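final_35.cif follows; it contains mmCIF, C-alpha atoms.
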data_query
loop_
_atom_site.group_PDB
_atom_site.id
_atom_site.type_symbol
_atom_site.label_atom_id
_atom_site.label_comp_id
_atom_site.auth_asym_id
_atom_site.auth_seq_id
_atom_site.Cartn_x
_atom_site.Cartn_y
_atom_site.Cartn_z
ATOM 1 C CA MET R 1 -6.698 -6.255 -18.467
ATOM 2 C CA ASP R 2 -8.500 -7.796 -15.510
ATOM 3 C CA ALA R 3 -7.180 -6.617 -12.167
ATOM 4 C CA ILE R 4 -7.926 -7.971 -8.704
ATOM 5 C CA LEU R 5 -7.026 -7.361 -5.087
ATOM 6 C CA VAL R 6 -6.193 -10.498 -3.106
ATOM 7 C CA ARG R 7 -4.800 -11.275 0.307
ATOM 8 C CA PRO R 8 -1.227 -12.592 0.125
ATOM 9 C CA LEU R 9 -1.187 -16.397 0.059
ATOM 10 C CA PRO R 10 1.614 -18.990 0.046
ATOM 11 C CA GLY R 11 1.057 -19.522 -3.694
ATOM 12 C CA HIS R 12 2.007 -15.897 -4.407
ATOM 13 C CA GLN R 13 5.613 -16.287 -3.273
ATOM 14 C CA ALA R 14 7.224 -16.273 -6.738
ATOM 15 C CA LEU R 15 5.183 -13.225 -7.780
ATOM 16 C CA TYR R 16 6.113 -11.452 -4.539
ATOM 17 C CA GLU R 17 9.816 -12.252 -4.874
ATOM 18 C CA ALA R 18 9.904 -10.970 -8.478
ATOM 19 C CA MET R 19 8.188 -7.725 -7.519
ATOM 20 C CA MET R 20 10.397 -7.194 -4.482
ATOM 21 C CA ASP R 21 13.584 -7.900 -6.476
ATOM 22 C CA GLU R 22 12.579 -5.257 -9.017
ATOM 23 C CA TRP R 23 11.566 -2.739 -6.377
ATOM 24 C CA GLU R 24 14.740 -3.174 -4.338
ATOM 25 C CA ALA R 25 16.951 -2.934 -7.462
ATOM 26 C CA HIS R 26 15.192 0.304 -8.390
ATOM 27 C CA GLY R 27 15.830 1.810 -4.956
ATOM 28 C CA GLY R 28 13.605 4.151 -3.061
ATOM 29 C CA ARG R 29 11.037 3.567 -0.389
ATOM 30 C CA LEU R 30 8.835 0.494 -0.498
ATOM 31 C CA ASN R 31 5.230 1.521 -0.199
ATOM 32 C CA PRO R 32 3.125 0.431 1.546
ATOM 33 C CA GLY R 33 5.519 -0.105 4.420
ATOM 34 C CA ALA R 34 4.146 -3.598 5.029
ATOM 35 C CA LEU R 35 6.139 -4.729 1.988
ATOM 36 C CA ARG R 36 9.445 -5.729 3.497
ATOM 37 C CA ARG R 37 11.920 -8.578 3.453
ATOM 38 C CA TRP R 38 14.209 -7.284 6.174
ATOM 39 C CA SER R 39 13.555 -7.248 9.907
ATOM 40 C CA TYR R 40 15.477 -4.552 11.735
ATOM 41 C CA ARG R 41 14.358 -6.089 15.017
ATOM 42 C CA LEU R 42 15.783 -9.494 14.027
ATOM 43 C CA GLY R 43 18.707 -8.042 12.066
ATOM 44 C CA ARG R 44 18.137 -10.373 9.113
ATOM 45 C CA ALA R 45 16.097 -11.095 6.044
ATOM 46 C CA VAL R 46 12.879 -13.012 6.643
ATOM 47 C CA SER R 47 11.327 -15.754 4.571
ATOM 48 C CA TYR R 48 8.079 -15.291 2.688
ATOM 49 C CA ALA R 49 6.400 -17.621 5.200
ATOM 50 C CA GLU R 50 7.586 -15.407 8.081
ATOM 51 C CA TRP R 51 6.343 -12.339 6.223
ATOM 52 C CA LEU R 52 2.915 -13.969 5.783
ATOM 53 C CA GLY R 53 2.877 -14.410 9.559
ATOM 54 C CA TRP R 54 3.498 -10.689 9.918
ATOM 55 C CA MET R 55 0.503 -10.067 7.651
ATOM 56 C CA ASP R 56 -1.665 -12.172 9.975
ATOM 57 C CA ASP R 57 -0.393 -10.150 12.947
ATOM 58 C CA ASP R 58 -1.036 -6.874 11.109
ATOM 59 C CA ARG R 59 -4.602 -7.942 10.298
ATOM 60 C CA ALA R 60 -5.228 -8.680 13.969
ATOM 61 C CA ASN R 61 -3.927 -5.184 14.799
ATOM 62 C CA GLY R 62 -6.013 -3.177 12.344
ATOM 63 C CA GLN R 63 -4.038 -3.275 9.100
ATOM 64 C CA GLU R 64 -4.668 -5.431 6.075
ATOM 65 C CA LEU R 65 -2.531 -5.669 2.943
ATOM 66 C CA PHE R 66 -3.786 -6.736 -0.469
ATOM 67 C CA PHE R 67 -1.813 -7.637 -3.564
ATOM 68 C CA TYR R 68 -2.833 -5.986 -6.823
ATOM 69 C CA ILE R 69 -2.572 -8.566 -9.594
ATOM 70 C CA ALA R 70 -3.197 -7.749 -13.251
ATOM 71 C CA GLY R 71 -2.297 -9.771 -16.318
ATOM 72 C CA GLY R 72 -0.968 -12.552 -14.110
ATOM 73 C CA GLN R 73 1.653 -10.277 -12.526
ATOM 74 C CA LEU R 74 1.894 -8.791 -9.071
ATOM 75 C CA LEU R 75 2.035 -5.082 -9.870
ATOM 76 C CA GLY R 76 1.615 -3.513 -6.453
ATOM 77 C CA ALA R 77 0.044 -3.590 -3.035
ATOM 78 C CA ILE R 78 -2.378 -1.539 -1.001
ATOM 79 C CA SER R 79 -2.780 -1.414 2.754
ATOM 80 C CA LEU R 80 -5.928 -0.544 4.703
ATOM 81 C CA ARG R 81 -5.621 0.691 8.266
ATOM 82 C CA PHE R 82 -8.781 0.511 10.355
ATOM 83 C CA GLY R 83 -10.095 0.282 13.901
ATOM 84 C CA ASN R 84 -7.866 1.749 16.583
ATOM 85 C CA ASN R 85 -4.680 1.525 14.511
ATOM 86 C CA PRO R 86 -2.464 4.399 15.733
ATOM 87 C CA SER R 87 -0.932 4.826 12.244
ATOM 88 C CA ILE R 88 -4.204 6.278 10.953
ATOM 89 C CA ALA R 89 -3.498 9.620 12.643
ATOM 90 C CA SER R 90 -0.250 10.132 10.702
ATOM 91 C CA ASP R 91 -0.457 7.856 7.642
ATOM 92 C CA GLY R 92 -4.191 7.794 6.955
ATOM 93 C CA HIS R 93 -6.380 4.799 6.216
ATOM 94 C CA ILE R 94 -4.791 3.739 2.924
ATOM 95 C CA GLY R 95 -1.227 3.383 1.654
ATOM 96 C CA TYR R 96 -0.283 1.965 -1.721
ATOM 97 C CA GLY R 97 2.505 1.447 -4.206
ATOM 98 C CA ILE R 98 3.076 0.151 -7.729
ATOM 99 C CA ARG R 99 6.269 -1.639 -8.800
ATOM 100 C CA PRO R 100 8.547 0.590 -10.889
ATOM 101 C CA SER R 101 7.979 -1.111 -14.275
ATOM 102 C CA ALA R 102 4.180 -0.739 -13.976
ATOM 103 C CA ARG R 103 4.020 2.940 -13.007
ATOM 104 C CA ARG R 104 2.351 5.617 -15.138
ATOM 105 C CA GLN R 105 -0.077 3.097 -16.627
ATOM 106 C CA GLY R 106 -3.177 3.791 -14.512
ATOM 107 C CA HIS R 107 -2.627 0.871 -12.140
ATOM 108 C CA ALA R 108 -2.494 2.933 -8.940
ATOM 109 C CA ALA R 109 -5.875 4.555 -9.640
ATOM 110 C CA ARG R 110 -7.375 1.178 -10.545
ATOM 111 C CA MET R 111 -5.953 -0.399 -7.393
ATOM 112 C CA LEU R 112 -7.262 2.427 -5.192
ATOM 113 C CA SER R 113 -10.703 2.248 -6.813
ATOM 114 C CA LEU R 114 -10.822 -1.497 -6.051
ATOM 115 C CA ALA R 115 -9.819 -0.870 -2.421
ATOM 116 C CA LEU R 116 -12.375 1.843 -1.641
ATOM 117 C CA PRO R 117 -15.306 -0.613 -1.293
ATOM 118 C CA LEU R 118 -13.146 -2.713 1.054
ATOM 119 C CA ALA R 119 -12.550 0.394 3.166
ATOM 120 C CA LYS R 120 -16.288 1.094 3.170
ATOM 121 C CA ALA R 121 -16.920 -2.472 4.399
ATOM 122 C CA LYS R 122 -14.566 -1.719 7.338
ATOM 123 C CA GLY R 123 -16.686 1.327 8.237
ATOM 124 C CA ILE R 124 -14.296 3.876 6.729
ATOM 125 C CA ASP R 125 -15.943 6.838 4.954
ATOM 126 C CA PRO R 126 -14.289 8.992 3.952
ATOM 127 C CA ALA R 127 -10.857 7.398 3.724
ATOM 128 C CA VAL R 128 -7.972 9.614 4.794
ATOM 129 C CA ILE R 129 -4.998 9.344 2.439
ATOM 130 C CA THR R 130 -1.752 11.284 2.779
ATOM 131 C CA CYS R 131 1.063 11.833 0.309
ATOM 132 C CA ALA R 132 4.181 13.957 0.100
ATOM 133 C CA GLU R 133 3.358 17.453 -1.075
ATOM 134 C CA ASN R 134 5.543 17.045 -4.177
ATOM 135 C CA ASN R 135 4.319 13.520 -5.091
ATOM 136 C CA ILE R 136 2.366 14.669 -8.128
ATOM 137 C CA ALA R 137 1.704 11.109 -9.337
ATOM 138 C CA SER R 138 -0.007 10.236 -6.059
ATOM 139 C CA VAL R 139 -1.907 13.546 -6.043
ATOM 140 C CA LYS R 140 -3.314 12.683 -9.484
ATOM 141 C CA VAL R 141 -4.300 9.170 -8.363
ATOM 142 C CA ILE R 142 -6.058 10.399 -5.232
ATOM 143 C CA GLU R 143 -7.879 13.179 -7.041
ATOM 144 C CA ARG R 144 -8.875 10.846 -9.908
ATOM 145 C CA CYS R 145 -10.535 8.644 -7.276
ATOM 146 C CA GLY R 146 -12.540 11.556 -5.861
ATOM 147 C CA GLY R 147 -10.131 12.779 -3.190
ATOM 148 C CA ALA R 148 -10.530 16.301 -1.835
ATOM 149 C CA LEU R 149 -7.576 18.101 -0.274
ATOM 150 C CA VAL R 150 -8.475 18.967 3.324
ATOM 151 C CA GLY R 151 -5.133 20.211 4.628
ATOM 152 C CA TYR R 152 -1.452 19.621 5.228
ATOM 153 C CA GLN R 153 0.634 17.972 7.916
ATOM 154 C CA HIS R 154 4.291 17.245 8.555
ATOM 155 C CA GLY R 155 5.155 13.556 8.363
ATOM 156 C CA ASN R 156 8.185 11.460 7.500
ATOM 157 C CA GLY R 157 10.316 14.606 7.655
ATOM 158 C CA LYS R 158 8.365 16.490 4.969
ATOM 159 C CA ARG R 159 5.157 18.359 4.325
ATOM 160 C CA GLU R 160 2.309 16.063 3.311
ATOM 161 C CA ARG R 161 -1.076 16.631 1.703
ATOM 162 C CA VAL R 162 -4.093 15.187 3.530
ATOM 163 C CA TYR R 163 -7.058 14.042 1.433
ATOM 164 C CA HIS R 164 -10.518 12.714 2.165
ATOM 165 C CA VAL R 165 -11.673 10.153 -0.394
ATOM 166 C CA PRO R 166 -15.289 8.956 -0.401
ATOM 167 C CA THR R 167 -15.615 5.187 -0.173
ATOM 168 C CA ALA R 168 -19.295 4.973 -1.140
#

Encoded form using structure tokens:
Amino acid sequence: MDAILVRPLPGHQALYEAMMDEWEAHGGRLNPGALRRWSYRLGRAVSYAEWLGWMDDDRANGQELFFYIAGGQLLGAISLRFGNNPSIASDGHIGYGIRPSARRQGHAARMLSLALPLAKAKGIDPAVITCAENNIASVKVIERCGGALVGYQHGNGKRERVYHVPTA
């Protein structure tokens, strides 16, 4: 199955809405955090067009989100943090997530492998990726993509693993 990473575009709205509906019905944390339909600051849901505006703002501030599309479906998203983005210190350079119905099928590793050259193009090598200590699925993805455990930190209220992943 061909898989690609693409920047979110207006034409992706139906794919985005379907993925978000599934993810929200499943519960749990949306990852990467850039996937959101609710603005706490505004106290309301935002339209897809407003969300695309947020993506433009994020890009200008050192974070870029890509959709992972395979088989004509939006299966997940991956976020690259670069430049002087303060989130790098706690969250690392890359955050990703796969919609619940597409998990455990190799998509996260494929998505990360597609993103590593994009990170390299932004001058990132190695990429720092963090995950909860007990997130075995993410550990397997990171290690499958060449990640080496370099330590631990406390983040998001729990102990996290810190990996370095070569982008070359």

Which value, in Å to one decimal, gives the distance between atom CA of R:Ile78 and atom CA of R:Ile94?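 Computed distance, atom CA of R:Ile78 to atom CA of R:Ile94, equals 7.0 Å.
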
Select, from R:Ala34, R:Ile4, R:Leu42, R:Cys131, the residue with the minimum atom-to-atom distance to R:Glu64, counting all atoms listed in the file.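 Closest to R:Glu64, using all atoms listed in the file: R:Ala34.
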
Test item: residues at most 12 Å from R:Asp2, only C-alpha atoms, excluding those fewer than 6 positions along its chain, as a PyMOL selection string: chain R and resi 68-73+107+110-111+114

Please dump the current selection as a PDB file, in the coordinates of the input; keep C-alpha atoms.
ATOM      1  CA  TYR R  68      -2.833  -5.986  -6.823  1.00  0.00           C
ATOM      2  CA  ILE R  69      -2.572  -8.566  -9.594  1.00  0.00           C
ATOM      3  CA  ALA R  70      -3.197  -7.749 -13.251  1.00  0.00           C
ATOM      4  CA  GLY R  71      -2.297  -9.771 -16.318  1.00  0.00           C
ATOM      5  CA  GLY R  72      -0.968 -12.552 -14.110  1.00  0.00           C
ATOM      6  CA  GLN R  73       1.653 -10.277 -12.526  1.00  0.00           C
ATOM      7  CA  HIS R 107      -2.627   0.871 -12.140  1.00  0.00           C
ATOM      8  CA  ARG R 110      -7.375   1.178 -10.545  1.00  0.00           C
ATOM      9  CA  MET R 111      -5.953  -0.399  -7.393  1.00  0.00           C
ATOM     10  CA  LEU R 114     -10.822  -1.497  -6.051  1.00  0.00           C
TER      11      LEU R 114
END

Residues picked by the PyMOL selection byres ((chain R and resi 37) around 8) here, as a list of chain:residue names? R:Leu35, R:Arg36, R:Trp38, R:Ser39, R:Ala45, R:Val46, R:Ser47, R:Tyr48, R:Trp51

Save out the residues we just selected, C-alpha atoms, as a CSV table (one decimal), in the frame of the given file.
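Below is the file again.csv, written as the result:
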chain,number,residue,atom,x,y,z
R,35,LEU,CA,6.1,-4.7,2.0
R,36,ARG,CA,9.4,-5.7,3.5
R,38,TRP,CA,14.2,-7.3,6.2
R,39,SER,CA,13.6,-7.2,9.9
R,45,ALA,CA,16.1,-11.1,6.0
R,46,VAL,CA,12.9,-13.0,6.6
R,47,SER,CA,11.3,-15.8,4.6
R,48,TYR,CA,8.1,-15.3,2.7
R,51,TRP,CA,6.3,-12.3,6.2

Written as a short mmCIF file (atom, residue, chain, number, x, y, z; two decimals) with C-alpha atoms, keeping the file's coordinate frame, which residues does the PyMOL selection byres ((chain R and resi 58-60) around 12) give for the file shown?
data_model
loop_
_atom_site.label_atom_id
_atom_site.label_comp_id
_atom_site.auth_asym_id
_atom_site.auth_seq_id
_atom_site.Cartn_x
_atom_site.Cartn_y
_atom_site.Cartn_z
CA ARG R 7 -4.80 -11.28 0.31
CA PRO R 8 -1.23 -12.59 0.12
CA GLY R 33 5.52 -0.10 4.42
CA ALA R 34 4.15 -3.60 5.03
CA LEU R 35 6.14 -4.73 1.99
CA TRP R 51 6.34 -12.34 6.22
CA LEU R 52 2.92 -13.97 5.78
CA GLY R 53 2.88 -14.41 9.56
CA TRP R 54 3.50 -10.69 9.92
CA MET R 55 0.50 -10.07 7.65
CA ASP R 56 -1.66 -12.17 9.98
CA ASP R 57 -0.39 -10.15 12.95
CA ASN R 61 -3.93 -5.18 14.80
CA GLY R 62 -6.01 -3.18 12.34
CA GLN R 63 -4.04 -3.28 9.10
CA GLU R 64 -4.67 -5.43 6.08
CA LEU R 65 -2.53 -5.67 2.94
CA PHE R 66 -3.79 -6.74 -0.47
CA SER R 79 -2.78 -1.41 2.75
CA LEU R 80 -5.93 -0.54 4.70
CA ARG R 81 -5.62 0.69 8.27
CA PHE R 82 -8.78 0.51 10.36
CA GLY R 83 -10.10 0.28 13.90
CA ASN R 84 -7.87 1.75 16.58
CA ASN R 85 -4.68 1.52 14.51
CA SER R 87 -0.93 4.83 12.24
#

Who sits within 12 Å of R:Gln105, only C-alpha atoms, same chain under 5 positions skipped, as JSON, numbers by chain: {"R": [1, 70, 75, 98, 99, 100, 110, 111, 137, 141]}

Mind giving me the straight-line distance from atom CA of R:Arg103 to atom CA of R:Ala18 in Å, one decimal? 15.8 Å

Could you list, as an MDAnalysis selection string, every residue within 9 Å of R:Gln153, counting all atoms listed in the file and ignoring same-chain residues fewer than 2 positions away? chainID R and resid 90 130 151 155 158:162

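Minimum atom-to-atom distances from R:His154, R:Ala168, R:Ile124, R:Tyr96 to R:Ile142 were compared using only C-alpha atoms, and the lowest value belongs to R:Tyr96.
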
Pick out the closest residue to R:Gln13 from this set: R:Gly123, R:Ala109, R:Ala148, R:Ala49. Count all atoms listed in the file.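 When distances to R:Gln13 are compared using all atoms listed in the file, the smallest one comes from R:Ala49.
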
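Here atom CA of R:Cys145 stands at a distance of 18.2 Å from atom CA of R:Pro32.
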
Given the file shown, enumerate the residues that the PyMOL selection byres ((chain R and resi 125) around 8) captures and present them as a ChimeraX atom specification. /R:119-120,123-124,126-127,165-168

Considering all atoms listed in the file, can you say which of R:Leu74, R:Val128, R:Leu5, R:Leu118 comes closest to R:Ala102? R:Leu74

Tell me which of R:Ala115, R:Glu50, R:Lys122, R:Ala25 sits closest to R:Leu9, counting all atoms listed in the file. R:Glu50

Would you compute, for all listed atoms of stretch 131-141 of chain R, the axis-aligned bounding box grown by 5 Å on each side, and then report its centre and edge lengths in Å rounded to one decimal, as lines of an AutoDock Vina configuration file?
center_x = 0.6
center_y = 13.3
center_z = -4.6
size_x = 19.8
size_y = 18.3
size_z = 19.8

Determine the nearest neighbour of R:Tyr152 from the options R:Ala132, R:Gly95, R:Val139, R:Gly43, counting all atoms listed in the file.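 Residue with the minimum atom-to-atom distance to R:Tyr152: R:Ala132.
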
Can you fill out stretch 80-105 of chain R with N, CA, C and O atoms and hand it back as an mmCIF file, in the frame of the given file?
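Result saved to part_3.cif:
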data_model
loop_
_atom_site.group_PDB
_atom_site.id
_atom_site.type_symbol
_atom_site.label_atom_id
_atom_site.label_comp_id
_atom_site.auth_asym_id
_atom_site.auth_seq_id
_atom_site.Cartn_x
_atom_site.Cartn_y
_atom_site.Cartn_z
ATOM 1 N N LEU R 80 -4.833 -1.235 4.015
ATOM 2 C CA LEU R 80 -5.928 -0.544 4.703
ATOM 3 C C LEU R 80 -5.664 -0.573 6.194
ATOM 4 O O LEU R 80 -5.372 -1.631 6.757
ATOM 5 N N ARG R 81 -5.760 0.594 6.820
ATOM 6 C CA ARG R 81 -5.621 0.691 8.266
ATOM 7 C C ARG R 81 -6.994 1.061 8.827
ATOM 8 O O ARG R 81 -7.634 1.992 8.339
ATOM 9 N N PHE R 82 -7.433 0.327 9.840
ATOM 10 C CA PHE R 82 -8.781 0.511 10.355
ATOM 11 C C PHE R 82 -8.796 0.294 11.860
ATOM 12 O O PHE R 82 -7.777 -0.061 12.454
ATOM 13 N N GLY R 83 -9.952 0.492 12.461
ATOM 14 C CA GLY R 83 -10.095 0.282 13.901
ATOM 15 C C GLY R 83 -9.308 1.312 14.686
ATOM 16 O O GLY R 83 -9.284 2.490 14.344
ATOM 17 N N ASN R 84 -8.634 0.861 15.716
ATOM 18 C CA ASN R 84 -7.866 1.749 16.583
ATOM 19 C C ASN R 84 -6.386 1.782 16.220
ATOM 20 O O ASN R 84 -5.549 2.049 17.068
ATOM 21 N N ASN R 85 -6.057 1.531 14.966
ATOM 22 C CA ASN R 85 -4.680 1.525 14.511
ATOM 23 C C ASN R 85 -4.084 2.923 14.680
ATOM 24 O O ASN R 85 -4.580 3.886 14.093
ATOM 25 N N PRO R 86 -3.029 3.064 15.489
ATOM 26 C CA PRO R 86 -2.464 4.399 15.733
ATOM 27 C C PRO R 86 -1.848 5.044 14.492
ATOM 28 O O PRO R 86 -1.700 6.268 14.447
ATOM 29 N N SER R 87 -1.517 4.270 13.467
ATOM 30 C CA SER R 87 -0.932 4.826 12.244
ATOM 31 C C SER R 87 -1.918 5.684 11.459
ATOM 32 O O SER R 87 -1.510 6.496 10.633
ATOM 33 N N ILE R 88 -3.210 5.515 11.705
ATOM 34 C CA ILE R 88 -4.204 6.278 10.953
ATOM 35 C C ILE R 88 -3.987 7.775 11.145
ATOM 36 O O ILE R 88 -4.090 8.548 10.191
ATOM 37 N N ALA R 89 -3.660 8.194 12.363
ATOM 38 C CA ALA R 89 -3.498 9.620 12.643
ATOM 39 C C ALA R 89 -2.418 10.259 11.785
ATOM 40 O O ALA R 89 -2.548 11.405 11.362
ATOM 41 N N SER R 90 -1.341 9.544 11.481
ATOM 42 C CA SER R 90 -0.250 10.132 10.702
ATOM 43 C C SER R 90 -0.233 9.674 9.247
ATOM 44 O O SER R 90 0.085 10.455 8.347
ATOM 45 N N ASP R 91 -0.578 8.417 8.985
ATOM 46 C CA ASP R 91 -0.457 7.856 7.642
ATOM 47 C C ASP R 91 -1.779 7.744 6.898
ATOM 48 O O ASP R 91 -1.786 7.438 5.713
ATOM 49 N N GLY R 92 -2.888 7.940 7.579
ATOM 50 C CA GLY R 92 -4.191 7.794 6.955
ATOM 51 C C GLY R 92 -4.659 6.353 6.950
ATOM 52 O O GLY R 92 -4.047 5.472 7.535
ATOM 53 N N HIS R 93 -5.772 6.131 6.276
ATOM 54 C CA HIS R 93 -6.380 4.799 6.216
ATOM 55 C C HIS R 93 -5.785 3.913 5.130
ATOM 56 O O HIS R 93 -5.891 2.696 5.204
ATOM 57 N N ILE R 94 -5.213 4.515 4.084
ATOM 58 C CA ILE R 94 -4.791 3.739 2.924
ATOM 59 C C ILE R 94 -3.388 4.159 2.499
ATOM 60 O O ILE R 94 -3.085 5.348 2.409
ATOM 61 N N GLY R 95 -2.542 3.158 2.241
ATOM 62 C CA GLY R 95 -1.227 3.383 1.654
ATOM 63 C C GLY R 95 -1.051 2.406 0.505
ATOM 64 O O GLY R 95 -1.535 1.279 0.569
ATOM 65 N N TYR R 96 -0.380 2.831 -0.553
ATOM 66 C CA TYR R 96 -0.283 1.965 -1.721
ATOM 67 C C TYR R 96 1.008 2.226 -2.491
ATOM 68 O O TYR R 96 1.659 3.258 -2.311
ATOM 69 N N GLY R 97 1.346 1.288 -3.343
ATOM 70 C CA GLY R 97 2.505 1.447 -4.206
ATOM 71 C C GLY R 97 2.427 0.501 -5.389
ATOM 72 O O GLY R 97 1.862 -0.583 -5.291
ATOM 73 N N ILE R 98 3.016 0.934 -6.492
ATOM 74 C CA ILE R 98 3.076 0.151 -7.729
ATOM 75 C C ILE R 98 4.542 -0.093 -8.061
ATOM 76 O O ILE R 98 5.370 0.822 -7.964
ATOM 77 N N ARG R 99 4.872 -1.317 -8.454
ATOM 78 C CA ARG R 99 6.269 -1.639 -8.800
ATOM 79 C C ARG R 99 6.744 -0.720 -9.925
ATOM 80 O O ARG R 99 5.952 -0.278 -10.752
ATOM 81 N N PRO R 100 8.028 -0.414 -9.947
ATOM 82 C CA PRO R 100 8.547 0.590 -10.889
ATOM 83 C C PRO R 100 8.187 0.358 -12.357
ATOM 84 O O PRO R 100 7.826 1.309 -13.061
ATOM 85 N N SER R 101 8.241 -0.871 -12.847
ATOM 86 C CA SER R 101 7.979 -1.111 -14.275
ATOM 87 C C SER R 101 6.512 -0.946 -14.655
ATOM 88 O O SER R 101 6.188 -0.885 -15.852
ATOM 89 N N ALA R 102 5.615 -0.852 -13.688
ATOM 90 C CA ALA R 102 4.180 -0.739 -13.976
ATOM 91 C C ALA R 102 3.629 0.654 -13.680
ATOM 92 O O ALA R 102 2.412 0.860 -13.777
ATOM 93 N N ARG R 103 4.481 1.584 -13.324
ATOM 94 C CA ARG R 103 4.020 2.940 -13.007
ATOM 95 C C ARG R 103 3.619 3.696 -14.271
ATOM 96 O O ARG R 103 4.020 3.349 -15.365
ATOM 97 N N ARG R 104 2.816 4.731 -14.066
ATOM 98 C CA ARG R 104 2.351 5.617 -15.138
ATOM 99 C C ARG R 104 1.508 4.883 -16.193
ATOM 100 O O ARG R 104 1.511 5.231 -17.361
ATOM 101 N N GLN R 105 0.790 3.861 -15.729
ATOM 102 C CA GLN R 105 -0.077 3.097 -16.627
ATOM 103 C C GLN R 105 -1.514 3.008 -16.098
ATOM 104 O O GLN R 105 -2.310 2.218 -16.593
#
